[in-house]
Amino acid sequence: MSTERRREELASDFAALARKAAAGGLQASTPKTLLHIGDERLVVLSGPGEQAATEQRLDIGVLQIARDYFHHDPPTAREIERAIDVIEDEIMRLGPRAGAGTTLWSMSDTLQAWSAVSGATMAIETVEQWFQR
């Protein structure tokens, strides 16, 4: 089953997260960023309202990463490091505006395992600790 989402679905997801954020006490004008990790691409939607002001797409997704970088099961340390280097370079293309002063959200199934452990929110320090593992 594909995890790719059409633009209309992502726009609907962004509006839903804006409503959820507002219900949780986040001011409507607070910037929000929706991260969607699909099979072949990553999509980042950002904006302060119920409609995303920006949409950025990167050609990195869970199946694409596995196919292009992981050739052993489990992947070797070298394969993981190579994938990390490529992904970091791609993410840098998003530029500083992608995360500056925003709340990051995701509805991606690929991140549900993290959410089950961390709860609805996760500190940057937690992400960095997991990344180092």
# chains A, B, ... in the order shown; residues from 1 in each chain; ligands from 1
call {"tool": "residues_around", "arguments": {"residues": "A:Ser106", "least_positions_apart": "3", "cutoff": "12 Å", "atoms": "only C-alpha atoms", "output": "ChimeraX atom specification"}}
result
/A:10,13-14,16-18,32-38,42-46,103,109-112,114-115,120-122
call {"tool": "select_by_dssp", "arguments": {"residues": "chain A", "states": "alpha helix (DSSP H)", "output": "number ranges by chain"}}
result
A: 7-23, 62-69, 77-92, 112-118, 124-132
call {"tool": "select_by_dssp", "arguments": {"residues": "chain A", "states": "strand (DSSP E or B)", "output": "count of residues only"}}
result
21
call {"tool": "closest_residue", "arguments": {"among": "A:Ala15, A:Gln132, A:Leu94, A:Ala116", "to": "A:Ile80", "atoms": "only C-alpha atoms"}}
result
A:Gln132
call {"tool": "closest_residue", "arguments": {"among": "A:Val117, A:Ile84, A:Leu63, A:Met107", "to": "A:Arg5", "atoms": "only C-alpha atoms"}}
result
A:Met107
call {"tool": "closest_residue", "arguments": {"among": "A:Pro31, A:Leu104, A:Ser118, A:His72", "to": "A:Ala53", "atoms": "only C-alpha atoms"}}
result
A:Pro31
call {"tool": "atom_distance", "arguments": {"atom1": "atom CA of A:His71", "atom2": "atom CA of A:Ile91"}}
result
22.7 Å
